[in-house]
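What follows is the content of start-v8.pdb, which has PDB, C-alpha atoms and all ligand atoms:
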ATOM      1  CA  ARG A  19     116.190  80.376  95.192  1.00  0.00           C
ATOM      2  CA  GLY A  20     115.950  83.987  94.047  1.00  0.00           C
ATOM      3  CA  VAL A  21     113.866  83.267  90.980  1.00  0.00           C
ATOM      4  CA  ILE A  22     112.339  86.279  89.190  1.00  0.00           C
ATOM      5  CA  ILE A  23     109.623  85.964  86.552  1.00  0.00           C
ATOM      6  CA  THR A  24     108.603  89.038  84.554  1.00  0.00           C
ATOM      7  CA  ILE A  25     105.198  89.751  83.025  1.00  0.00           C
ATOM      8  CA  ASP A  26     105.117  92.917  80.930  1.00  0.00           C
ATOM      9  CA  GLY A  27     102.498  94.233  78.550  1.00  0.00           C
ATOM     10  CA  VAL A  28     100.325  97.110  77.364  1.00  0.00           C
ATOM     11  CA  ALA A  29      97.735  98.883  79.539  1.00  0.00           C
ATOM     12  CA  ALA A  30      94.834  96.694  80.704  1.00  0.00           C
ATOM     13  CA  SER A  31      96.273  93.557  79.113  1.00  0.00           C
ATOM     14  CA  GLY A  32      95.506  91.613  82.295  1.00  0.00           C
ATOM     15  CA  LYS A  33      99.014  91.816  83.753  1.00  0.00           C
ATOM     16  CA  SER A  34      98.105  92.170  87.410  1.00  0.00           C
ATOM     17  CA  THR A  35      95.379  89.465  87.356  1.00  0.00           C
ATOM     18  CA  VAL A  36      97.737  87.095  85.573  1.00  0.00           C
ATOM     19  CA  ALA A  37     100.732  88.005  87.744  1.00  0.00           C
ATOM     20  CA  SER A  38      98.662  87.396  90.877  1.00  0.00           C
ATOM     21  CA  GLY A  39      97.458  84.012  89.572  1.00  0.00           C
ATOM     22  CA  VAL A  40     100.952  82.898  88.572  1.00  0.00           C
ATOM     23  CA  ALA A  41     102.346  84.062  91.918  1.00  0.00           C
ATOM     24  CA  ARG A  42      99.689  82.133  93.847  1.00  0.00           C
ATOM     25  CA  ALA A  43     100.310  78.995  91.778  1.00  0.00           C
ATOM     26  CA  LEU A  44     104.039  79.245  92.520  1.00  0.00           C
ATOM     27  CA  GLY A  45     103.610  80.302  96.154  1.00  0.00           C
ATOM     28  CA  VAL A  46     105.540  83.589  95.786  1.00  0.00           C
ATOM     29  CA  PRO A  47     104.491  87.272  95.918  1.00  0.00           C
ATOM     30  CA  TYR A  48     103.979  89.421  92.848  1.00  0.00           C
ATOM     31  CA  VAL A  49     105.218  92.963  92.446  1.00  0.00           C
ATOM     32  CA  SER A  50     103.138  95.589  90.641  1.00  0.00           C
ATOM     33  CA  SER A  51     105.589  98.244  89.413  1.00  0.00           C
ATOM     34  CA  GLY A  52     102.776 100.383  87.982  1.00  0.00           C
ATOM     35  CA  LEU A  53     101.506 101.064  91.510  1.00  0.00           C
ATOM     36  CA  LEU A  54     104.714 102.935  92.359  1.00  0.00           C
ATOM     37  CA  TYR A  55     104.335 105.139  89.264  1.00  0.00           C
ATOM     38  CA  ARG A  56     100.716 105.661  90.272  1.00  0.00           C
ATOM     39  CA  ALA A  57     101.690 106.582  93.850  1.00  0.00           C
ATOM     40  CA  VAL A  58     104.154 109.209  92.582  1.00  0.00           C
ATOM     41  CA  THR A  59     101.408 110.584  90.327  1.00  0.00           C
ATOM     42  CA  LEU A  60      98.776 110.727  93.078  1.00  0.00           C
ATOM     43  CA  HIS A  61     101.225 112.564  95.314  1.00  0.00           C
ATOM     44  CA  GLY A  62     101.948 115.058  92.517  1.00  0.00           C
ATOM     45  CA  LEU A  63      98.234 115.646  91.995  1.00  0.00           C
ATOM     46  CA  GLU A  64      97.536 116.040  95.706  1.00  0.00           C
ATOM     47  CA  SER A  65     100.489 118.437  96.098  1.00  0.00           C
ATOM     48  CA  GLY A  66      99.020 120.632  93.365  1.00  0.00           C
ATOM     49  CA  LEU A  67     102.054 120.216  91.119  1.00  0.00           C
ATOM     50  CA  PRO A  68     101.700 120.566  87.339  1.00  0.00           C
ATOM     51  CA  GLY A  69     101.705 117.235  85.431  1.00  0.00           C
ATOM     52  CA  GLY A  70     105.045 115.415  85.338  1.00  0.00           C
ATOM     53  CA  ASP A  71     106.779 117.883  87.673  1.00  0.00           C
ATOM     54  CA  LEU A  72     110.096 116.498  88.903  1.00  0.00           C
ATOM     55  CA  ARG A  73     109.736 118.322  92.240  1.00  0.00           C
ATOM     56  CA  VAL A  74     107.460 115.444  93.274  1.00  0.00           C
ATOM     57  CA  LEU A  75     110.587 113.396  94.077  1.00  0.00           C
ATOM     58  CA  GLU A  76     111.914 116.021  96.516  1.00  0.00           C
ATOM     59  CA  ARG A  77     108.559 116.002  98.256  1.00  0.00           C
ATOM     60  CA  LEU A  78     108.601 112.230  98.525  1.00  0.00           C
ATOM     61  CA  GLN A  79     112.162 111.999  99.800  1.00  0.00           C
ATOM     62  CA  ALA A  80     111.363 112.432 103.492  1.00  0.00           C
ATOM     63  CA  GLN A  81     108.654 109.737 103.407  1.00  0.00           C
ATOM     64  CA  PRO A  82     108.687 107.657 100.238  1.00  0.00           C
ATOM     65  CA  PRO A  83     105.742 105.419  99.284  1.00  0.00           C
ATOM     66  CA  ARG A  84     106.278 101.806 100.260  1.00  0.00           C
ATOM     67  CA  LEU A  85     105.122  98.900  98.076  1.00  0.00           C
ATOM     68  CA  GLU A  86     103.912  95.777  99.891  1.00  0.00           C
ATOM     69  CA  PRO A  87     103.949  92.800  97.536  1.00  0.00           C
ATOM     70  CA  HIS A  88     101.636  89.866  98.272  1.00  0.00           C
ATOM     71  CA  ALA A  89     100.384  87.059  96.042  1.00  0.00           C
ATOM     72  CA  GLU A  90      96.753  88.212  96.446  1.00  0.00           C
ATOM     73  CA  GLY A  91      97.315  91.900  95.708  1.00  0.00           C
ATOM     74  CA  ASN A  92      99.770  94.740  96.287  1.00  0.00           C
ATOM     75  CA  ARG A  93      99.245  97.668  98.651  1.00  0.00           C
ATOM     76  CA  VAL A  94     101.025 101.009  98.736  1.00  0.00           C
ATOM     77  CA  HIS A  95     101.481 103.007 101.948  1.00  0.00           C
ATOM     78  CA  LEU A  96     102.603 106.596 102.250  1.00  0.00           C
ATOM     79  CA  ALA A  97     103.137 108.317 105.572  1.00  0.00           C
ATOM     80  CA  GLY A  98     100.818 105.945 107.420  1.00  0.00           C
ATOM     81  CA  ARG A  99      98.071 106.143 104.794  1.00  0.00           C
ATOM     82  CA  ASP A 100      97.057 103.237 102.530  1.00  0.00           C
ATOM     83  CA  LEU A 101      96.890 104.837  99.060  1.00  0.00           C
ATOM     84  CA  THR A 102      95.963 101.689  97.161  1.00  0.00           C
ATOM     85  CA  ASP A 103      92.277 102.319  96.596  1.00  0.00           C
ATOM     86  CA  ASP A 104      92.963 105.798  95.161  1.00  0.00           C
ATOM     87  CA  LEU A 105      95.593 104.677  92.655  1.00  0.00           C
ATOM     88  CA  HIS A 106      93.217 103.591  89.876  1.00  0.00           C
ATOM     89  CA  ALA A 107      91.245 106.834  89.659  1.00  0.00           C
ATOM     90  CA  THR A 108      90.839 108.235  86.137  1.00  0.00           C
ATOM     91  CA  ARG A 109      92.941 111.304  86.985  1.00  0.00           C
ATOM     92  CA  VAL A 110      95.817 109.006  87.952  1.00  0.00           C
ATOM     93  CA  ASP A 111      95.387 106.991  84.697  1.00  0.00           C
ATOM     94  CA  GLU A 112      95.612 110.277  82.792  1.00  0.00           C
ATOM     95  CA  GLY A 113      98.547 111.774  84.670  1.00  0.00           C
ATOM     96  CA  VAL A 114     100.793 108.753  85.189  1.00  0.00           C
ATOM     97  CA  SER A 115     102.594 108.635  81.823  1.00  0.00           C
ATOM     98  CA  ALA A 116     104.026 112.130  82.280  1.00  0.00           C
ATOM     99  CA  TYR A 117     105.660 111.074  85.559  1.00  0.00           C
ATOM    100  CA  ALA A 118     106.733 107.697  84.146  1.00  0.00           C
ATOM    101  CA  ALA A 119     108.532 109.512  81.309  1.00  0.00           C
ATOM    102  CA  LEU A 120     110.947 111.222  83.760  1.00  0.00           C
ATOM    103  CA  PRO A 121     114.282 109.340  83.979  1.00  0.00           C
ATOM    104  CA  GLU A 122     114.674 110.353  87.643  1.00  0.00           C
ATOM    105  CA  VAL A 123     111.283 108.879  88.535  1.00  0.00           C
ATOM    106  CA  ARG A 124     112.119 105.681  86.634  1.00  0.00           C
ATOM    107  CA  ALA A 125     115.455 105.404  88.446  1.00  0.00           C
ATOM    108  CA  TRP A 126     113.711 105.819  91.804  1.00  0.00           C
ATOM    109  CA  VAL A 127     111.088 103.155  91.001  1.00  0.00           C
ATOM    110  CA  ASP A 128     113.764 100.767  89.685  1.00  0.00           C
ATOM    111  CA  GLU A 129     115.722 101.154  92.918  1.00  0.00           C
ATOM    112  CA  GLN A 130     112.657 100.252  95.032  1.00  0.00           C
ATOM    113  CA  LEU A 131     111.994  97.189  92.891  1.00  0.00           C
ATOM    114  CA  ARG A 132     115.571  95.914  92.892  1.00  0.00           C
ATOM    115  CA  ALA A 133     115.657  96.140  96.691  1.00  0.00           C
ATOM    116  CA  LEU A 134     112.819  93.581  97.034  1.00  0.00           C
ATOM    117  CA  PRO A 135     113.793  90.060  98.090  1.00  0.00           C
ATOM    118  CA  ALA A 136     113.323  87.418  95.352  1.00  0.00           C
ATOM    119  CA  PRO A 137     111.601  85.068  94.535  1.00  0.00           C
ATOM    120  CA  PHE A 138     108.701  87.030  93.014  1.00  0.00           C
ATOM    121  CA  VAL A 139     106.734  87.677  89.847  1.00  0.00           C
ATOM    122  CA  ALA A 140     107.268  91.274  88.603  1.00  0.00           C
ATOM    123  CA  GLU A 141     104.630  92.946  86.471  1.00  0.00           C
ATOM    124  CA  GLY A 142     104.857  96.167  84.434  1.00  0.00           C
ATOM    125  CA  ARG A 143     106.246  97.576  81.166  1.00  0.00           C
ATOM    126  CA  ASP A 144     110.012  97.178  81.405  1.00  0.00           C
ATOM    127  CA  MET A 145     110.511  94.445  84.009  1.00  0.00           C
ATOM    128  CA  GLY A 146     112.112  92.035  81.516  1.00  0.00           C
ATOM    129  CA  THR A 147     114.094  94.677  79.622  1.00  0.00           C
ATOM    130  CA  ASN A 148     115.465  97.275  82.045  1.00  0.00           C
ATOM    131  CA  VAL A 149     114.791  96.279  85.626  1.00  0.00           C
ATOM    132  CA  PHE A 150     115.337  92.498  85.733  1.00  0.00           C
ATOM    133  CA  PRO A 151     117.148  91.555  82.494  1.00  0.00           C
ATOM    134  CA  GLN A 152     118.501  88.497  84.366  1.00  0.00           C
ATOM    135  CA  ALA A 153     114.974  87.103  85.014  1.00  0.00           C
ATOM    136  CA  GLN A 154     114.567  83.331  84.584  1.00  0.00           C
ATOM    137  CA  ALA A 155     111.390  83.572  82.493  1.00  0.00           C
ATOM    138  CA  LYS A 156     109.827  86.540  80.682  1.00  0.00           C
ATOM    139  CA  PHE A 157     106.335  87.048  79.282  1.00  0.00           C
ATOM    140  CA  TYR A 158     104.663  89.888  77.391  1.00  0.00           C
ATOM    141  CA  LEU A 159     100.863  90.226  77.211  1.00  0.00           C
ATOM    142  CA  THR A 160      98.973  91.924  74.398  1.00  0.00           C
ATOM    143  CA  ALA A 161      95.324  92.185  73.281  1.00  0.00           C
ATOM    144  CA  SER A 162      93.425  94.484  70.933  1.00  0.00           C
ATOM    145  CA  PRO A 163      92.370  97.891  72.327  1.00  0.00           C
ATOM    146  CA  ARG A 164      88.686  96.870  72.139  1.00  0.00           C
ATOM    147  CA  VAL A 165      89.171  93.699  74.146  1.00  0.00           C
ATOM    148  CA  ARG A 166      91.190  95.575  76.768  1.00  0.00           C
ATOM    149  CA  ALA A 167      88.572  98.365  76.974  1.00  0.00           C
ATOM    150  CA  GLU A 168      85.830  95.764  77.475  1.00  0.00           C
ATOM    151  CA  ARG A 169      87.729  94.176  80.340  1.00  0.00           C
ATOM    152  CA  ARG A 170      88.466  97.538  81.934  1.00  0.00           C
ATOM    153  CA  SER A 171      84.917  98.863  81.604  1.00  0.00           C
ATOM    154  CA  ALA A 172      83.823  96.913  84.687  1.00  0.00           C
ATOM    155  CA  GLU A 173      86.308  98.958  86.764  1.00  0.00           C
ATOM    156  CA  ARG A 174      85.838 102.443  85.279  1.00  0.00           C
ATOM    157  CA  PRO A 175      82.827 104.792  85.140  1.00  0.00           C
ATOM    158  CA  GLU A 176      83.422 106.032  81.539  1.00  0.00           C
ATOM    159  CA  ASP A 177      81.791 104.486  78.446  1.00  0.00           C
ATOM    160  CA  LEU A 178      83.554 101.907  76.290  1.00  0.00           C
ATOM    161  CA  ASP A 179      84.712 104.268  73.518  1.00  0.00           C
ATOM    162  CA  ALA A 180      86.183 106.716  76.025  1.00  0.00           C
ATOM    163  CA  ILE A 181      87.976 103.900  77.861  1.00  0.00           C
ATOM    164  CA  GLU A 182      89.393 102.525  74.595  1.00  0.00           C
ATOM    165  CA  ALA A 183      90.566 105.986  73.462  1.00  0.00           C
ATOM    166  CA  ALA A 184      92.271 106.566  76.830  1.00  0.00           C
ATOM    167  CA  LEU A 185      94.033 103.177  76.665  1.00  0.00           C
ATOM    168  CA  VAL A 186      95.346 103.842  73.145  1.00  0.00           C
ATOM    169  CA  GLU A 187      96.512 107.300  74.231  1.00  0.00           C
ATOM    170  CA  ARG A 188      98.334 105.854  77.261  1.00  0.00           C
ATOM    171  CA  ASP A 189      99.969 103.117  75.097  1.00  0.00           C
ATOM    172  CA  THR A 190     101.318 105.835  72.802  1.00  0.00           C
ATOM    173  CA  ARG A 191     102.726 107.835  75.714  1.00  0.00           C
ATOM    174  CA  ASP A 192     104.240 104.701  77.306  1.00  0.00           C
ATOM    175  CA  ALA A 193     105.634 103.293  74.048  1.00  0.00           C
ATOM    176  CA  ALA A 194     109.256 104.150  74.887  1.00  0.00           C
ATOM    177  CA  GLN A 195     109.332 101.794  77.895  1.00  0.00           C
ATOM    178  CA  SER A 196     106.898  99.162  76.628  1.00  0.00           C
ATOM    179  CA  LEU A 197     108.861  96.994  74.190  1.00  0.00           C
ATOM    180  CA  PRO A 198     108.893  93.233  74.768  1.00  0.00           C
ATOM    181  CA  ALA A 199     112.258  91.797  75.795  1.00  0.00           C
ATOM    182  CA  ALA A 200     113.944  89.878  72.971  1.00  0.00           C
ATOM    183  CA  ASP A 201     113.713  86.716  75.084  1.00  0.00           C
ATOM    184  CA  ALA A 202     110.086  87.200  76.214  1.00  0.00           C
ATOM    185  CA  LEU A 203     107.255  84.899  75.157  1.00  0.00           C
ATOM    186  CA  VAL A 204     104.563  87.179  73.660  1.00  0.00           C
ATOM    187  CA  ILE A 205     100.997  86.040  74.479  1.00  0.00           C
ATOM    188  CA  ASP A 206      97.929  87.524  72.787  1.00  0.00           C
ATOM    189  CA  THR A 207      95.317  87.215  75.544  1.00  0.00           C
ATOM    190  CA  GLY A 208      92.386  88.242  73.298  1.00  0.00           C
ATOM    191  CA  GLU A 209      90.970  84.735  72.922  1.00  0.00           C
ATOM    192  CA  LEU A 210      92.119  83.436  76.307  1.00  0.00           C
ATOM    193  CA  SER A 211      90.627  83.655  79.779  1.00  0.00           C
ATOM    194  CA  ALA A 212      92.841  84.927  82.589  1.00  0.00           C
ATOM    195  CA  GLN A 213      93.039  81.373  83.943  1.00  0.00           C
ATOM    196  CA  GLU A 214      94.212  80.042  80.565  1.00  0.00           C
ATOM    197  CA  VAL A 215      96.985  82.637  80.438  1.00  0.00           C
ATOM    198  CA  ILE A 216      97.986  81.780  84.020  1.00  0.00           C
ATOM    199  CA  ASP A 217      98.087  78.034  83.230  1.00  0.00           C
ATOM    200  CA  LEU A 218     100.144  78.640  80.095  1.00  0.00           C
ATOM    201  CA  ILE A 219     102.735  80.710  81.976  1.00  0.00           C
ATOM    202  CA  VAL A 220     102.924  78.313  84.935  1.00  0.00           C
ATOM    203  CA  ALA A 221     103.449  75.390  82.526  1.00  0.00           C
ATOM    204  CA  GLN A 222     106.282  77.281  80.779  1.00  0.00           C
ATOM    205  CA  VAL A 223     107.927  78.181  84.085  1.00  0.00           C
ATOM    206  CA  ARG A 224     107.765  74.609  85.381  1.00  0.00           C
ATOM    207  CA  GLU A 225     109.259  73.165  82.183  1.00  0.00           C
TER
HETATM  208  O1  LIG A 301     100.440  98.845  84.846  1.00  0.00           O
HETATM  209  P1  LIG A 301      99.704 100.109  85.129  1.00  0.00           P
HETATM  210  O2  LIG A 301      98.677 100.427  84.073  1.00  0.00           O
HETATM  211  O3  LIG A 301      99.147 100.204  86.492  1.00  0.00           O
HETATM  212  O4  LIG A 301     100.820 101.237  85.028  1.00  0.00           O
HETATM  213  C1  LIG A 301     100.491 102.592  85.176  1.00  0.00           C
HETATM  214  C2  LIG A 301     101.487 103.448  84.407  1.00  0.00           C
HETATM  215  O5  LIG A 301     102.770 103.373  85.010  1.00  0.00           O
HETATM  216  C3  LIG A 301     101.707 103.087  82.946  1.00  0.00           C
HETATM  217  O6  LIG A 301     100.745 103.694  82.105  1.00  0.00           O
HETATM  218  C4  LIG A 301     103.111 103.634  82.694  1.00  0.00           C
HETATM  219  O7  LIG A 301     103.069 105.026  82.429  1.00  0.00           O
HETATM  220  C5  LIG A 301     103.791 103.452  84.029  1.00  0.00           C
HETATM  221  N1  LIG A 301     104.620 102.243  84.113  1.00  0.00           N
HETATM  222  C6  LIG A 301     105.870 102.276  83.545  1.00  0.00           C
HETATM  223  N2  LIG A 301     106.726 101.223  83.696  1.00  0.00           N
HETATM  224  C7  LIG A 301     106.334 100.137  84.376  1.00  0.00           C
HETATM  225  C8  LIG A 301     105.036 100.063  84.935  1.00  0.00           C
HETATM  226  C9  LIG A 301     104.194 101.140  84.776  1.00  0.00           C
HETATM  227  O8  LIG A 301     106.235 103.260  82.910  1.00  0.00           O
HETATM  228  N3  LIG A 301     107.177  99.139  84.532  1.00  0.00           N
END
Could you show the structure in this file as structure tokens?
Ligand code: C5P
Amino acid sequence: RGVIITIDGVAASGKSTVASGVARALGVPYVSSGLLYRAVTLHGLESGLPGGDLRVLERLQAQPPRLEPHAEGNRVHLAGRDLTDDLHATRVDEGVSAYAALPEVRAWVDEQLRALPAPFVAEGRDMGTNVFPQAQAKFYLTASPRVRAERRSAERPEDLDAIEAALVERDTRDAAQSLPAADALVIDTGELSAQEVIDLIVAQVRE
């Protein structure tokens, strides 16, 4: 059936690791909505546009980025190029919130996501609230800024304090679209391993 499960949460709360694990356990793909916001941002940066410039959408119209959901990991292609490995650069982290704040960009991303064939696990900020309010099960991941910075530090060149400051800054800028759905189960992942979070969600879904 067309089951949709949503996993939302703050930056670096483990959403994509957990979404991938849950998707593999259930034998469905997962969908990383943040990658589409990141692809828009990378294109804006590479086009030399100022931060959060709406003209990025016009430039993407002829050849929009395409999200490929898999259970193991998502890829994004644009005009024959695989952008995925460039989407987690620090400059994209820093620029993405300004693009994600534009209603037109959000509407475009939402349209791409809603066109994907269910079943899948969708991961992001507003999957359970705005994009898939009809989802069968909703989860929201949190953890303290320090814990999240420690997890992220393996993937970023900056020191721990700088990573933590950048995460807190991004949370503030993303606050408008980052509220848990009223019917989401909120999970503080601070004391849990990724596998424990995955097992908890899979158990809830199978209930
Ligand atoms: O999840 P990830 O950190 O990759 O998301 C990157 C950025 O994309 C977020 O900081 C936020 O600005 C934006 N985003 C969003 N809504 C989503 C997913 C991501 O606004 N559903």
(request) Select the residues contacting ligand LIG 301 (chain A) at a distance of at most 9 Å, based on all atoms listed in the file, then format the selection as an NGL selection string. (result) :A and (26-31 or 33-34 or 50-56 or 105-106 or 110-119 or 124 or 127-128 or 140-145 or 148-149 or 185 or 188-189 or 191-196)
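Of the listed residues A:Ala43, A:Val94, A:Ala199, A:Ala57, the one whose atoms come nearest to Gln152 of chain A is A:Ala199, with distances taken using only C-alpha atoms.
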(request) Given the file shown, enumerate the residues that the PyMOL selection byres (((chain A and resi 101) around 10) and not hetatm) captures and present them as a VMD selection string. (result) chain A and resid 53 56 to 57 60 to 61 83 to 84 93 to 100 102 to 106
Can I get the selection written as an mmCIF file, in the frame of the given file, with C-alpha atoms?
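So out_8.cif came out as:
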data_model
loop_
_atom_site.group_PDB
_atom_site.id
_atom_site.type_symbol
_atom_site.label_atom_id
_atom_site.label_comp_id
_atom_site.auth_asym_id
_atom_site.auth_seq_id
_atom_site.Cartn_x
_atom_site.Cartn_y
_atom_site.Cartn_z
ATOM 1 C CA LEU A 53 101.506 101.064 91.510
ATOM 2 C CA ARG A 56 100.716 105.661 90.272
ATOM 3 C CA ALA A 57 101.690 106.582 93.850
ATOM 4 C CA LEU A 60 98.776 110.727 93.078
ATOM 5 C CA HIS A 61 101.225 112.564 95.314
ATOM 6 C CA PRO A 83 105.742 105.419 99.284
ATOM 7 C CA ARG A 84 106.278 101.806 100.260
ATOM 8 C CA ARG A 93 99.245 97.668 98.651
ATOM 9 C CA VAL A 94 101.025 101.009 98.736
ATOM 10 C CA HIS A 95 101.481 103.007 101.948
ATOM 11 C CA LEU A 96 102.603 106.596 102.250
ATOM 12 C CA ALA A 97 103.137 108.317 105.572
ATOM 13 C CA GLY A 98 100.818 105.945 107.420
ATOM 14 C CA ARG A 99 98.071 106.143 104.794
ATOM 15 C CA ASP A 100 97.057 103.237 102.530
ATOM 16 C CA THR A 102 95.963 101.689 97.161
ATOM 17 C CA ASP A 103 92.277 102.319 96.596
ATOM 18 C CA ASP A 104 92.963 105.798 95.161
ATOM 19 C CA LEU A 105 95.593 104.677 92.655
ATOM 20 C CA HIS A 106 93.217 103.591 89.876
#
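For the pair atom CA of Ser171 of chain A and atom CA of Gly66 of chain A, the interatomic distance is 28.5 Å.
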(request) Find the residues near Ile205 of chain A: any atom within 8 Å, counting only C-alpha atoms, skip ones fewer than 2 places away on the same chain, and give them as a list in words. (result)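 Final neighbour list, sorted by chain and number: Phe157, Tyr158, Leu159, Thr160, Leu203, Thr207 and Val215 of chain A.
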(request) Tell me which of A:Gly39, A:Gly91, A:Gly20, A:Pro121 sits closest to Gly70 of chain A, counting only C-alpha atoms. (result)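 With only C-alpha atoms as the atom set, the closest residue is A:Pro121.
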(message) Nearest residue to Ala153 of chain A out of A:Ala202, A:Leu218, A:Leu63, A:Leu120, using all atoms listed in the file?
(response) A:Ala202
(request) Have a look at A:Val204, A:Glu122, A:Arg109, A:Ala89 and name the one nearest to Glu76 of chain A; count all atoms listed in the file. (result)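 Going through A:Val204, A:Glu122, A:Arg109, A:Ala89 one by one, the smallest distance to Glu76 of chain A is for A:Glu122.
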(request) Using all atoms listed in the file, collect all residues at a distance of at most 12 Å from (110.5, 88.0, 90.9) as written in the file, then present them as an MDAnalysis selection string. (result) chainID A and resid 19:25 37:38 40:41 44:51 87:89 131:142 145:146 149:156
(request) Calculate how many Å separate atom CA of Ser162 of chain A from atom CA of Ala221 of chain A, rounding to one decimal. (result)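 Taking atom CA of Ser162 of chain A and atom CA of Ala221 of chain A, their separation equals 24.5 Å.
Rounded to one decimal, atom CA of Thr35 of chain A and atom CA of Glu182 of chain A lie 19.2 Å from each other.
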(request) Find the residue from A:Asp177, A:Trp126, A:Glu90, A:Thr190 that sits nearest to Leu75 of chain A; use only C-alpha atoms when measuring. (result) A:Trp126
Reconstruct segment 21-35 of chain A at the level of N, CA and C atoms, and format the result as a PDB file, in the frame of the given file.
ATOM      1  N   VAL A  21     114.418  83.256  92.346  1.00  0.00           N
ATOM      2  CA  VAL A  21     113.866  83.267  90.980  1.00  0.00           C
ATOM      3  C   VAL A  21     113.012  84.509  90.754  1.00  0.00           C
ATOM      4  N   ILE A  22     113.171  85.148  89.582  1.00  0.00           N
ATOM      5  CA  ILE A  22     112.339  86.279  89.190  1.00  0.00           C
ATOM      6  C   ILE A  22     111.685  85.943  87.847  1.00  0.00           C
ATOM      7  N   ILE A  23     110.367  86.150  87.795  1.00  0.00           N
ATOM      8  CA  ILE A  23     109.623  85.964  86.552  1.00  0.00           C
ATOM      9  C   ILE A  23     109.017  87.315  86.191  1.00  0.00           C
ATOM     10  N   THR A  24     109.137  87.732  84.933  1.00  0.00           N
ATOM     11  CA  THR A  24     108.603  89.038  84.554  1.00  0.00           C
ATOM     12  C   THR A  24     107.406  88.883  83.619  1.00  0.00           C
ATOM     13  N   ILE A  25     106.386  89.713  83.873  1.00  0.00           N
ATOM     14  CA  ILE A  25     105.198  89.751  83.025  1.00  0.00           C
ATOM     15  C   ILE A  25     104.971  91.214  82.644  1.00  0.00           C
ATOM     16  N   ASP A  26     105.316  91.557  81.418  1.00  0.00           N
ATOM     17  CA  ASP A  26     105.117  92.917  80.930  1.00  0.00           C
ATOM     18  C   ASP A  26     103.966  92.930  79.941  1.00  0.00           C
ATOM     19  N   GLY A  27     103.558  94.141  79.551  1.00  0.00           N
ATOM     20  CA  GLY A  27     102.498  94.233  78.550  1.00  0.00           C
ATOM     21  C   GLY A  27     101.877  95.613  78.519  1.00  0.00           C
ATOM     22  N   VAL A  28     100.992  95.819  77.543  1.00  0.00           N
ATOM     23  CA  VAL A  28     100.325  97.110  77.364  1.00  0.00           C
ATOM     24  C   VAL A  28      99.281  97.322  78.464  1.00  0.00           C
ATOM     25  N   ALA A  29      98.717  98.531  78.506  1.00  0.00           N
ATOM     26  CA  ALA A  29      97.735  98.883  79.539  1.00  0.00           C
ATOM     27  C   ALA A  29      96.520  97.964  79.452  1.00  0.00           C
ATOM     28  N   ALA A  30      96.046  97.522  80.607  1.00  0.00           N
ATOM     29  CA  ALA A  30      94.834  96.694  80.704  1.00  0.00           C
ATOM     30  C   ALA A  30      94.924  95.393  79.912  1.00  0.00           C
ATOM     31  N   SER A  31      96.117  94.847  79.805  1.00  0.00           N
ATOM     32  CA  SER A  31      96.273  93.557  79.113  1.00  0.00           C
ATOM     33  C   SER A  31      96.060  92.390  80.068  1.00  0.00           C
ATOM     34  N   GLY A  32      95.769  92.672  81.323  1.00  0.00           N
ATOM     35  CA  GLY A  32      95.506  91.613  82.295  1.00  0.00           C
ATOM     36  C   GLY A  32      96.726  91.269  83.129  1.00  0.00           C
ATOM     37  N   LYS A  33      97.752  92.131  83.073  1.00  0.00           N
ATOM     38  CA  LYS A  33      99.014  91.816  83.753  1.00  0.00           C
ATOM     39  C   LYS A  33      98.851  91.522  85.238  1.00  0.00           C
ATOM     40  N   SER A  34      98.109  92.367  85.960  1.00  0.00           N
ATOM     41  CA  SER A  34      98.105  92.170  87.410  1.00  0.00           C
ATOM     42  C   SER A  34      97.273  90.935  87.787  1.00  0.00           C
ATOM     43  N   THR A  35      96.166  90.683  87.095  1.00  0.00           N
ATOM     44  CA  THR A  35      95.379  89.465  87.356  1.00  0.00           C
ATOM     45  C   THR A  35      96.226  88.227  87.089  1.00  0.00           C
TER      46      THR A  35
END
